[in-house]
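As structure tokens, the structure follows; a few thoughts come after it.
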Amino acid sequence: MDDALRIHRLKIMPEYFKAVASKAKRFEIRKNDRDYKIGDGLLLREFKDDDYTGNEINAVITYMTDYEQKKGYVVMGIEVCA
């Protein structure tokens, strides 16, 4: 298995996209079906009305925990990249 860090391309709804873009929201809660790791990149792609809007944000995972989450879910601290 390759231990190289990856970029995960994820859909994000407009209300959450705006919160991440303004840096008010600095976390993502996701099902850990992609084996996320600290240092991995996230390409957050705004998704509205069953289609991508073309707006994107690059971020990096800076922290992870599954404390008090539903089974298989994680909270990821994220930092938006310039």
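FYI, nothing fancy with the structure tokens labels: chains A, B, ... in order, residues from 1 per chain, ligands from 1 as they appear.
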Neighbours of range 27-40 of chain A within 12 Å (only C-alpha atoms; same-chain residues fewer than 4 positions away dropped), as a VMD selection string?
chain A and resid 1 to 13 16 to 17 19 to 21 23 44 58 to 80
Can you measure CA of Lys25 in chain A to CA of Tyr52 in chain A for me? One decimal in Å is fine.
20.4 Å
Run DSSP on the backbone and give me the residues of chain A it puts in helix (DSSP H, G or I), as a PyMOL selection string.
chain A and resi 14-21
Please, could you write that set of residues out with N, CA and C atoms as a CSV table (one decimal), in the first residue's frame?
```
chain,number,residue,atom,x,y,z
A,14,PRO,N,-23.4,24.4,-0.9
A,14,PRO,CA,-23.0,25.9,-0.9
A,14,PRO,C,-22.9,26.5,0.5
A,15,GLU,N,-23.9,26.2,1.4
A,15,GLU,CA,-23.8,26.8,2.7
A,15,GLU,C,-22.5,26.5,3.4
A,16,TYR,N,-22.0,25.3,3.3
A,16,TYR,CA,-20.8,24.8,3.9
A,16,TYR,C,-19.6,25.4,3.2
A,17,PHE,N,-19.7,25.4,1.8
A,17,PHE,CA,-18.6,26.0,1.0
A,17,PHE,C,-18.3,27.4,1.4
A,18,LYS,N,-19.4,28.2,1.6
A,18,LYS,CA,-19.2,29.6,1.9
A,18,LYS,C,-18.6,29.7,3.3
A,19,ALA,N,-19.0,28.9,4.2
A,19,ALA,CA,-18.4,28.9,5.6
A,19,ALA,C,-16.9,28.5,5.6
A,20,VAL,N,-16.5,27.6,4.8
A,20,VAL,CA,-15.1,27.2,4.7
A,20,VAL,C,-14.3,28.3,4.0
A,21,ALA,N,-14.9,28.9,2.9
A,21,ALA,CA,-14.2,29.9,2.1
A,21,ALA,C,-14.0,31.2,3.0
```
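CA of Asp50 in chain A is found 26.2 Å from CA of Cys81 in chain A.
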Can you list, as number ranges by chain, every residue of range 39-75 of chain A that DSSP puts in strand (DSSP E)?
A: 41-48, 51-65, 73-75
